[in-house]
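Engineer: Contents of model_13.txt (compact mmCIF, C-alpha atoms):
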# COMPACT_ATOMS: atom_id res chain seq x y z
CA MET F 1 83.62 139.47 78.61
CA ARG F 2 79.97 140.60 78.67
CA THR F 3 79.94 140.80 74.86
CA LYS F 4 81.27 137.25 74.59
CA LEU F 5 78.62 136.02 77.01
CA ALA F 6 75.88 137.89 75.14
CA PHE F 7 76.74 135.99 71.97
CA GLY F 8 78.10 132.75 73.43
CA VAL F 9 75.27 131.84 75.82
CA PRO F 10 72.42 131.91 73.24
CA ILE F 11 74.50 130.04 70.66
CA THR F 12 75.57 127.36 73.14
CA GLN F 13 72.04 127.01 74.56
CA THR F 14 70.65 126.59 71.05
CA ALA F 15 73.24 123.89 70.31
CA LEU F 16 72.28 122.09 73.52
CA LEU F 17 68.60 122.21 72.62
CA LEU F 18 69.31 120.77 69.17
CA ALA F 19 71.45 118.00 70.66
CA HIS F 20 68.67 117.02 73.08
CA TRP F 21 66.08 117.15 70.29
CA PHE F 22 68.32 114.83 68.29
CA LEU F 23 68.47 112.35 71.20
CA TRP F 24 64.68 112.53 71.49
CA HIS F 25 64.25 111.78 67.79
CA THR F 26 66.83 108.96 67.93
CA TRP F 27 64.99 107.36 70.87
CA GLU F 28 61.75 107.42 68.87
CA GLN F 29 63.46 105.83 65.87
CA PHE F 30 65.26 102.98 67.61
CA VAL F 31 63.30 102.41 70.86
CA GLY F 32 59.78 103.74 70.39
CA PRO F 33 57.65 106.58 71.82
CA VAL F 34 59.51 108.66 74.41
CA PRO F 35 57.87 108.32 77.87
CA LEU F 36 56.64 111.52 79.49
CA ALA F 37 59.16 111.25 82.34
CA VAL F 38 62.05 111.00 79.86
CA ARG F 39 60.70 114.00 77.93
CA VAL F 40 60.62 116.09 81.10
CA ILE F 41 64.13 114.98 82.10
CA LEU F 42 65.53 115.84 78.65
CA VAL F 43 63.98 119.31 78.75
CA VAL F 44 65.34 119.97 82.26
CA LEU F 45 68.80 118.71 81.30
CA ALA F 46 68.81 120.83 78.15
CA PHE F 47 68.44 123.98 80.28
CA SER F 48 70.47 122.86 83.33
CA PHE F 49 73.97 124.15 82.62
CA PHE F 50 73.71 127.94 82.49
CA PRO F 51 71.35 128.42 85.49
CA SER F 52 73.45 126.11 87.69
CA ALA F 53 76.67 127.82 86.55
CA ALA F 54 75.20 131.24 87.31
CA LEU F 55 74.13 130.08 90.78
CA SER F 56 77.56 128.60 91.53
CA PHE F 57 79.16 131.97 90.80
CA ARG F 58 77.01 133.64 93.44
CA MET F 59 76.66 131.08 96.23
CA HIS F 60 78.44 127.98 97.53
CA PRO F 61 75.94 125.84 99.51
CA PRO F 62 76.09 122.04 98.94
CA ILE F 63 72.81 121.98 96.99
CA VAL F 64 74.16 124.49 94.44
CA ARG F 65 77.41 122.52 94.11
CA MET F 66 75.40 119.33 93.56
CA LEU F 67 73.25 120.96 90.87
CA TYR F 68 76.31 122.29 89.06
CA PHE F 69 78.09 118.93 89.35
CA ALA F 70 75.06 117.14 87.86
CA ALA F 71 74.77 119.69 85.04
CA VAL F 72 78.42 119.51 83.94
CA LEU F 73 78.56 115.73 84.37
CA TRP F 74 75.58 115.51 82.02
CA LEU F 75 77.46 117.59 79.44
CA GLY F 76 80.16 114.91 79.36
CA ILE F 77 77.60 112.12 79.21
CA LEU F 78 75.70 113.96 76.48
CA ASN F 79 78.86 114.21 74.37
CA TYR F 80 79.25 110.43 74.04
CA ILE F 81 75.56 109.56 73.86
CA PHE F 82 75.21 112.16 71.09
CA TRP F 83 78.04 110.63 69.04
CA ALA F 84 76.61 107.15 69.66
CA ALA F 85 73.29 108.44 68.25
CA VAL F 86 75.07 109.90 65.20
CA LEU F 87 76.77 106.57 64.53
CA ALA F 88 73.45 104.77 65.03
CA TRP F 89 71.93 106.81 62.20
CA VAL F 90 74.96 106.22 59.97
CA ILE F 91 74.71 102.47 60.53
CA HIS F 92 70.94 102.69 60.04
CA ILE F 93 71.46 104.15 56.56
CA LEU F 94 74.02 101.47 55.72
CA LEU F 95 71.67 98.74 56.93
CA LEU F 96 68.87 100.22 54.79
CA LEU F 97 71.11 100.01 51.74
CA MET F 98 71.92 96.38 52.56
CA ARG F 99 68.29 95.58 53.52
CA LEU F 100 69.34 94.49 56.99
CA THR F 101 67.15 96.82 59.08
CA ALA F 102 66.39 94.00 61.52
CA TYR F 103 69.77 94.79 63.12
CA ASP F 104 68.90 98.47 63.71
CA LYS F 105 67.96 98.21 67.36
CA TRP F 106 70.80 95.80 68.15
CA SER F 107 73.44 98.13 66.66
CA ALA F 108 72.00 101.13 68.55
CA GLU F 109 72.13 99.19 71.83
CA VAL F 110 75.77 98.20 71.22
CA LEU F 111 76.71 101.80 70.49
CA LEU F 112 74.95 103.01 73.64
CA ALA F 113 76.79 100.39 75.71
CA LEU F 114 80.13 101.54 74.24
CA ALA F 115 79.24 105.16 75.01
CA LEU F 116 78.43 104.30 78.63
CA CYS F 117 81.71 102.39 79.00
CA THR F 118 83.59 105.39 77.61
CA ILE F 119 81.83 107.68 80.10
CA VAL F 120 82.76 105.48 83.09
CA TYR F 121 86.36 105.25 81.83
CA GLY F 122 86.53 109.04 81.38
CA ILE F 123 85.33 109.74 84.93
CA ILE F 124 87.82 107.32 86.51
CA HIS F 125 90.68 108.36 84.22
CA SER F 126 90.26 112.06 85.03
CA ARG F 127 91.00 111.41 88.71
CA LEU F 128 94.33 109.70 87.98
CA ILE F 129 97.00 112.44 88.01
CA LYS F 130 100.08 111.37 86.06
CA ILE F 131 103.60 112.71 86.62
CA ARG F 132 105.34 113.49 83.33
CA ARG F 133 109.09 114.18 83.45
CA HIS F 134 111.15 116.41 81.16
CA TRP F 135 114.81 117.40 80.98
CA VAL F 136 115.03 120.98 79.73
CA HIS F 137 118.27 122.68 78.71
CA LEU F 138 118.55 126.38 79.49
CA PRO F 139 121.43 128.50 78.13
CA ASN F 140 123.76 130.03 80.74
CA LEU F 141 122.11 128.07 83.54
CA PRO F 142 124.13 128.49 86.76
CA LYS F 143 125.80 125.28 87.93
CA HIS F 144 123.84 125.22 91.18
CA TRP F 145 120.61 124.97 89.15
CA HIS F 146 121.74 121.96 87.11
CA GLY F 147 119.64 118.91 87.95
CA ARG F 148 117.21 120.85 90.14
CA ARG F 149 113.52 120.03 89.90
CA VAL F 150 110.76 122.41 88.91
CA ALA F 151 107.13 121.24 89.13
CA LEU F 152 104.58 122.70 86.70
CA VAL F 153 100.93 122.70 87.70
CA SER F 154 98.07 124.24 85.73
CA ASP F 155 94.30 124.27 85.44
CA THR F 156 93.46 122.69 88.78
CA HIS F 157 90.13 124.58 88.58
CA PHE F 158 89.41 124.59 92.31
CA GLY F 159 85.68 125.16 92.56
CA ALA F 160 82.39 123.30 92.68
CA ILE F 161 83.89 120.14 91.14
CA ASN F 162 87.50 120.10 92.36
CA GLY F 163 87.18 121.11 96.00
CA ALA F 164 89.41 121.37 99.06
CA LEU F 165 90.07 117.61 99.14
CA PHE F 166 91.37 117.74 95.57
CA SER F 167 93.57 120.71 96.52
CA ARG F 168 95.08 118.69 99.37
CA ARG F 169 95.67 115.76 97.03
CA VAL F 170 97.58 117.94 94.56
CA VAL F 171 99.74 119.32 97.37
CA GLY F 172 100.42 115.77 98.57
CA LEU F 173 101.68 114.77 95.13
CA LEU F 174 103.92 117.84 94.94
CA LYS F 175 105.41 117.07 98.35
CA ARG F 176 106.43 113.61 97.18
CA LEU F 177 108.18 115.09 94.11
CA HIS F 178 110.41 117.36 96.24
CA PRO F 179 110.70 120.21 93.71
CA GLU F 180 112.92 123.21 94.45
CA LEU F 181 110.45 125.46 92.62
CA VAL F 182 106.74 125.16 91.78
CA LEU F 183 105.21 127.05 88.85
CA ILE F 184 101.44 127.43 88.42
CA ALA F 185 100.35 128.42 84.90
CA GLY F 186 96.93 129.86 85.69
CA ASP F 187 93.37 128.66 86.32
CA LEU F 188 94.21 127.54 89.81
CA PHE F 189 90.59 128.49 90.51
CA ASP F 190 87.55 127.76 88.40
CA GLY F 191 86.05 131.18 89.07
CA ALA F 192 83.20 130.04 91.32
CA GLY F 193 81.86 127.44 93.71
CA ILE F 194 84.46 127.46 96.50
CA ASP F 195 85.87 129.45 99.41
CA PRO F 196 89.36 130.47 98.13
CA GLU F 197 90.90 130.50 101.61
CA LEU F 198 89.68 126.94 102.26
CA ALA F 199 91.03 125.74 98.91
CA MET F 200 94.47 127.27 99.57
CA GLU F 201 94.86 126.01 103.15
CA PRO F 202 96.85 122.87 102.16
CA TRP F 203 99.32 124.98 100.14
CA LYS F 204 100.64 126.54 103.34
CA GLU F 205 102.33 123.19 104.00
CA LEU F 206 104.26 123.24 100.70
CA LYS F 207 107.70 124.83 101.18
CA PRO F 208 109.91 124.45 98.06
CA LYS F 209 113.31 126.13 98.36
CA TYR F 210 112.58 128.78 95.73
CA GLY F 211 108.90 129.11 96.45
CA ILE F 212 105.73 128.89 94.36
CA CYS F 213 105.22 131.27 91.42
CA PHE F 214 101.83 131.94 89.87
CA ALA F 215 100.35 133.93 86.97
CA THR F 216 96.62 134.32 86.35
CA GLY F 217 94.60 132.40 83.80
CA ASN F 218 91.32 133.35 82.19
CA HIS F 219 89.21 131.85 85.00
CA GLU F 220 90.77 134.03 87.70
CA GLU F 221 89.96 137.04 85.53
CA PHE F 222 86.24 136.29 85.01
CA GLY F 223 85.45 138.91 87.64
CA ASP F 224 87.06 140.37 90.73
CA ARG F 225 90.28 138.42 91.08
CA THR F 226 91.16 139.97 94.46
CA PRO F 227 89.71 137.15 96.66
CA TYR F 228 91.80 134.61 94.76
CA LEU F 229 94.99 136.69 94.91
CA LYS F 230 94.47 137.26 98.62
CA ALA F 231 94.03 133.54 99.33
CA MET F 232 97.12 132.66 97.28
CA HIS F 233 99.18 135.37 98.96
CA ASN F 234 98.10 134.15 102.41
CA ALA F 235 99.20 130.63 101.43
CA GLY F 236 102.68 131.88 100.50
CA LEU F 237 102.43 131.95 96.71
CA ARG F 238 104.45 134.53 94.79
CA ILE F 239 102.02 136.20 92.37
CA LEU F 240 103.74 137.46 89.22
CA ASP F 241 101.75 140.18 87.48
CA PRO F 242 102.45 143.61 85.97
CA ASN F 243 99.49 144.87 88.06
CA ASP F 244 98.40 147.42 85.44
CA ILE F 245 95.40 145.74 83.81
CA PRO F 246 92.91 148.62 83.42
CA TYR F 247 89.66 146.67 83.53
CA LEU F 248 90.78 144.68 86.59
CA GLN F 249 92.23 147.59 88.51
CA HIS F 250 91.40 146.89 92.15
CA LYS F 251 93.13 148.91 94.83
CA THR F 252 93.73 145.82 96.95
CA ASP F 253 95.49 143.87 94.18
CA SER F 254 98.89 145.47 94.75
CA ALA F 255 98.95 144.19 98.33
CA TYR F 256 99.09 140.59 97.08
CA ILE F 257 101.24 140.85 93.95
CA SER F 258 104.94 140.14 94.40
CA SER F 259 106.27 141.58 91.13
CA ALA F 260 106.25 140.77 87.44
CA LEU F 261 109.72 139.19 87.45
CA VAL F 262 111.93 137.66 90.15
CA ASP F 263 115.54 136.52 90.05
CA LEU F 264 115.82 133.20 91.86
CA ASP F 265 119.52 132.73 92.45
CA GLY F 266 120.40 133.33 88.79
CA LEU F 267 117.20 131.99 87.19
CA GLN F 268 114.68 134.64 86.11
CA VAL F 269 111.00 133.75 86.46
CA ALA F 270 108.36 136.11 85.07
CA GLY F 271 104.60 136.01 84.69
CA VAL F 272 101.99 137.71 82.56
CA GLY F 273 98.28 137.66 83.28
CA PHE F 274 95.82 136.21 80.80
CA HIS F 275 94.47 139.61 79.75
CA ASP F 276 97.97 140.92 79.00
CA SER F 277 98.73 137.92 76.79
CA THR F 278 95.66 138.15 74.56
CA HIS F 279 96.89 141.01 72.35
CA GLN F 280 100.30 141.11 70.70
CA SER F 281 100.90 144.83 71.22
CA ARG F 282 99.81 144.70 74.89
CA LEU F 283 102.02 141.69 75.57
CA ARG F 284 105.02 143.34 73.89
CA ALA F 285 104.55 146.46 76.01
CA THR F 286 104.15 144.38 79.17
CA ILE F 287 107.30 142.34 78.54
CA SER F 288 109.30 145.49 77.79
CA ARG F 289 108.61 146.63 81.37
CA LEU F 290 109.71 143.40 83.03
CA GLY F 291 113.41 144.22 83.12
CA LEU F 292 114.45 140.87 81.61
CA ASP F 293 118.19 140.21 81.34
CA PRO F 294 118.69 138.19 78.09
CA ALA F 295 122.09 137.01 79.31
CA LYS F 296 120.48 135.01 82.13
CA PRO F 297 118.23 131.94 81.76
CA SER F 298 114.55 132.79 82.07
CA ILE F 299 111.12 131.18 82.38
CA LEU F 300 107.87 132.92 81.48
CA ILE F 301 104.56 131.75 82.93
CA ASN F 302 101.96 132.44 80.25
CA HIS F 303 98.61 130.69 80.70
CA VAL F 304 97.88 130.21 76.98
CA PRO F 305 100.64 128.87 74.68
CA ASN F 306 100.27 131.79 72.28
CA GLN F 307 102.09 134.95 71.07
CA LEU F 308 105.22 132.86 70.50
CA PRO F 309 107.02 135.32 68.16
CA VAL F 310 106.75 138.12 70.75
CA ILE F 311 108.01 135.91 73.57
CA GLU F 312 110.89 134.50 71.52
CA GLN F 313 111.98 137.98 70.42
CA ALA F 314 111.98 139.11 74.05
CA GLY F 315 114.68 136.52 74.76
CA PHE F 316 112.94 134.09 77.10
CA SER F 317 114.53 130.65 77.35
CA LEU F 318 111.40 128.70 78.31
CA MET F 319 107.67 129.39 78.37
CA VAL F 320 105.36 127.25 80.54
CA SER F 321 101.62 127.18 79.87
CA GLY F 322 98.37 125.31 80.39
CA HIS F 323 94.86 126.25 79.25
CA THR F 324 94.43 123.75 76.38
CA HIS F 325 93.59 120.67 78.51
CA GLY F 326 94.58 118.90 75.28
CA GLY F 327 90.87 119.18 74.46
CA GLN F 328 90.07 117.06 77.57
CA LEU F 329 87.44 114.95 75.78
CA PHE F 330 87.60 113.28 72.39
CA PRO F 331 86.69 114.52 69.75
CA PHE F 332 87.50 118.01 71.11
CA THR F 333 91.09 116.80 71.35
CA LEU F 334 91.25 117.02 67.54
CA ILE F 335 89.98 120.62 67.54
CA VAL F 336 92.53 121.76 70.12
CA LYS F 337 95.33 120.02 68.23
CA SER F 338 94.33 121.83 65.04
CA ILE F 339 94.38 125.20 66.87
CA PHE F 340 97.58 124.90 68.88
CA GLY F 341 99.48 122.30 66.84
CA PRO F 342 102.64 121.02 68.58
CA PHE F 343 102.13 123.52 71.42
CA ALA F 344 98.86 121.90 72.56
CA SER F 345 100.75 119.68 75.03
CA GLY F 346 104.20 118.74 76.21
CA TYR F 347 107.55 119.98 74.91
CA ALA F 348 108.01 121.96 71.70
CA ARG F 349 110.29 124.63 70.23
CA PHE F 350 109.64 127.92 68.46
CA GLY F 351 112.98 129.12 67.18
CA LYS F 352 115.17 129.66 70.24
CA LEU F 353 112.17 129.55 72.57
CA GLN F 354 111.35 126.26 74.32
CA THR F 355 107.79 125.61 75.47
CA LEU F 356 106.13 123.24 77.89
CA THR F 357 102.34 122.96 78.01
CA CYS F 358 100.66 121.11 80.85
CA LEU F 359 97.44 119.26 79.94
CA GLY F 360 95.99 120.40 83.25
CA THR F 361 96.12 118.92 86.73
CA GLY F 362 92.35 119.10 87.10
CA THR F 363 89.41 119.32 84.72
CA TRP F 364 87.02 122.03 83.60
CA GLY F 365 83.31 121.28 83.18
CA PRO F 366 82.69 117.52 82.97
CA PRO F 367 84.93 115.64 85.45
CA MET F 368 86.04 113.37 82.62
CA ARG F 369 89.07 112.80 80.39
CA VAL F 370 89.12 110.73 77.23
CA GLY F 371 92.14 110.95 74.94
CA THR F 372 94.04 113.13 77.44
CA ARG F 373 95.27 112.89 81.02
CA SER F 374 95.43 114.95 84.19
CA GLU F 375 99.07 115.67 84.93
CA ILE F 376 101.82 117.46 86.78
CA LEU F 377 105.00 118.13 84.83
CA LEU F 378 108.31 117.58 86.63
CA ILE F 379 111.06 119.55 84.91
CA GLU F 380 114.73 118.76 85.56
CA LEU F 381 116.97 121.62 84.48
CA ALA F 382 120.29 121.31 82.68
CA ASP F 383 122.60 123.79 81.01
CA ASP F 384 122.72 123.88 77.20
CA LYS F 385 126.04 122.02 77.16
CA SER F 386 124.70 119.03 79.08
CA SER F 387 124.11 115.71 77.33
CA SER F 388 120.98 114.97 79.38
CA PRO F 389 118.12 114.15 76.98
CA VAL F 390 114.98 116.21 76.64
CA LYS F 391 112.03 113.89 77.23
What would you get if you wrote out this structure as structure tokens?

Structural biologist:
Amino acid sequence: MRTKLAFGVPITQTALLLAHWFLWHTWEQFVGPVPLAVRVILVVLAFSFFPSAALSFRMHPPIVRMLYFAAVLWLGILNYIFWAAVLAWVIHILLLLMRLTAYDKWSAEVLLALALCTIVYGIIHSRLIKIRRHWVHLPNLPKHWHGRRVALVSDTHFGAINGALFSRRVVGLLKRLHPELVLIAGDLFDGAGIDPELAMEPWKELKPKYGICFATGNHEEFGDRTPYLKAMHNAGLRILDPNDIPYLQHKTDSAYISSALVDLDGLQVAGVGFHDSTHQSRLRATISRLGLDPAKPSILINHVPNQLPVIEQAGFSLMVSGHTHGGQLFPFTLIVKSIFGPFASGYARFGKLQTLTCLGTGTWGPPMRVGTRSEILLIELADDKSSSPVK
């Protein structure tokens, strides 16, 4: 993790500086000299993200949360203003070729207005949590499981942006769905900016028949995951984890972990932590210790929709994931689609393995969504002989 930060932070900060310099230059081209106040604001914004993120990892007072919120909101705003500026230069070149430069400023203003409209839409749209329904056929599913509901939640990112009120809202939606089982595919927490016990308080009111099963995502594993596991355990969540991750070995972890696999009245549910799923050999070794019965239907909670050959060979019926956010903001949606292909969102198959990827119930970074949606997946189970459609 430290190695990734050592390389990632300077590269990202350099990219941010170049983006802000580009906005500065675009302003000069289409508006005129940049006022001193705007220059100062651009410089401050260019350096705002990493310091505010670092502070939010260490302290939770309202002023720190506000600084972090402003910094990540600006990242979303910057994305669309930047692309508006790129298009302004493209149109500028075209207008030069057609000798119509009188329309330069007008076209730049229209593009800026469209960018601002997109930003407002993205902020509002991100707060609207959709319920997406799927029928999923599982081989050898016991009759008493047919037609039962399983809710899939992922990437709520409880933290400086999505606080305790958002947590209560998610629980309220789940209550109205009346699922018999709730699965959480990681990144329940953002990794900073919130009291875990406060965030999990509403979850004590959620009592599905077969409980709530959770496996860690990358954000819970940024540092000491114990406070998060403790808060989830106290709220009644069943934490599925092999509990043998060397670099996260905390003596208190075992007190909060249920097991790596549970049999819920004939349906096996297992979980692997993010770190275990990142390497094929480590994942294969982890799964071999789960005690999976291939003759029974099974669900694996795996935060990232990856390592599909290993998981299919192990004999799992269904894998549920999150992590991708579908890219969250256009044009990053295109990048995520190119990386994960059909497994970036929704239902897909890999041989005998079925997969469901949730686009995320919350957001990471900018509280915005454009080209994706915040969602909870409601899965209705059927045996493999049922005629119920997969949606």

Engineer: Within 7 Å of range 265-267 of chain F, counting all atoms listed in the file, which residues show up once you throw out same-chain ones fewer than 3 positions away? Write them as a PyMOL selection string, please.

Structural biologist: chain F and resi 142+296-298

Engineer: Could you tell me which of F:Glu312, F:Phe49, F:Pro61, F:Ala382 comes closest to Leu73 in chain F if we count only C-alpha atoms?

Structural biologist: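 Nearest to Leu73 in chain F: F:Phe49.
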
Engineer: Report, in Å to a single decimal, how far apart CA of Asp155 in chain F and CA of Phe189 in chain F are.

Structural biologist: 7.6 Å

Engineer: Nearest residue to Phe340 in chain F out of F:Gly236, F:Gly193, F:Gly291, F:Gly322, using only C-alpha atoms?

Structural biologist: F:Gly322

Engineer: Rank nothing, just name the residue among F:Ile63, F:Ile257, F:Ala88, F:Val320 nearest to Trp27 in chain F, using all atoms listed in the file.

Structural biologist: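 Once distances to Trp27 in chain F are computed over all atoms listed in the file, the minimum belongs to F:Ala88.
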
Engineer: Give me the residues near Ala113 in chain F as a ChimeraX atom specification, where near means some atom within 10 Å (using all atoms listed in the file) and where sequence neighbours in that chain fewer than 5 positions away do not count.

Structural biologist: /F:81,84,107-108,118-119

Engineer: Write a file of the just-selected residues containing C-alpha atoms, as a compact mmCIF listing (two decimals), keeping the file's coordinate frame.

Structural biologist:
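So the final result, stored in again.txt, reads:
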# COMPACT_ATOMS: atom_id res chain seq x y z
CA ILE F 81 75.56 109.56 73.86
CA ALA F 84 76.61 107.15 69.66
CA SER F 107 73.44 98.13 66.66
CA ALA F 108 72.00 101.13 68.55
CA THR F 118 83.59 105.39 77.61
CA ILE F 119 81.83 107.68 80.10
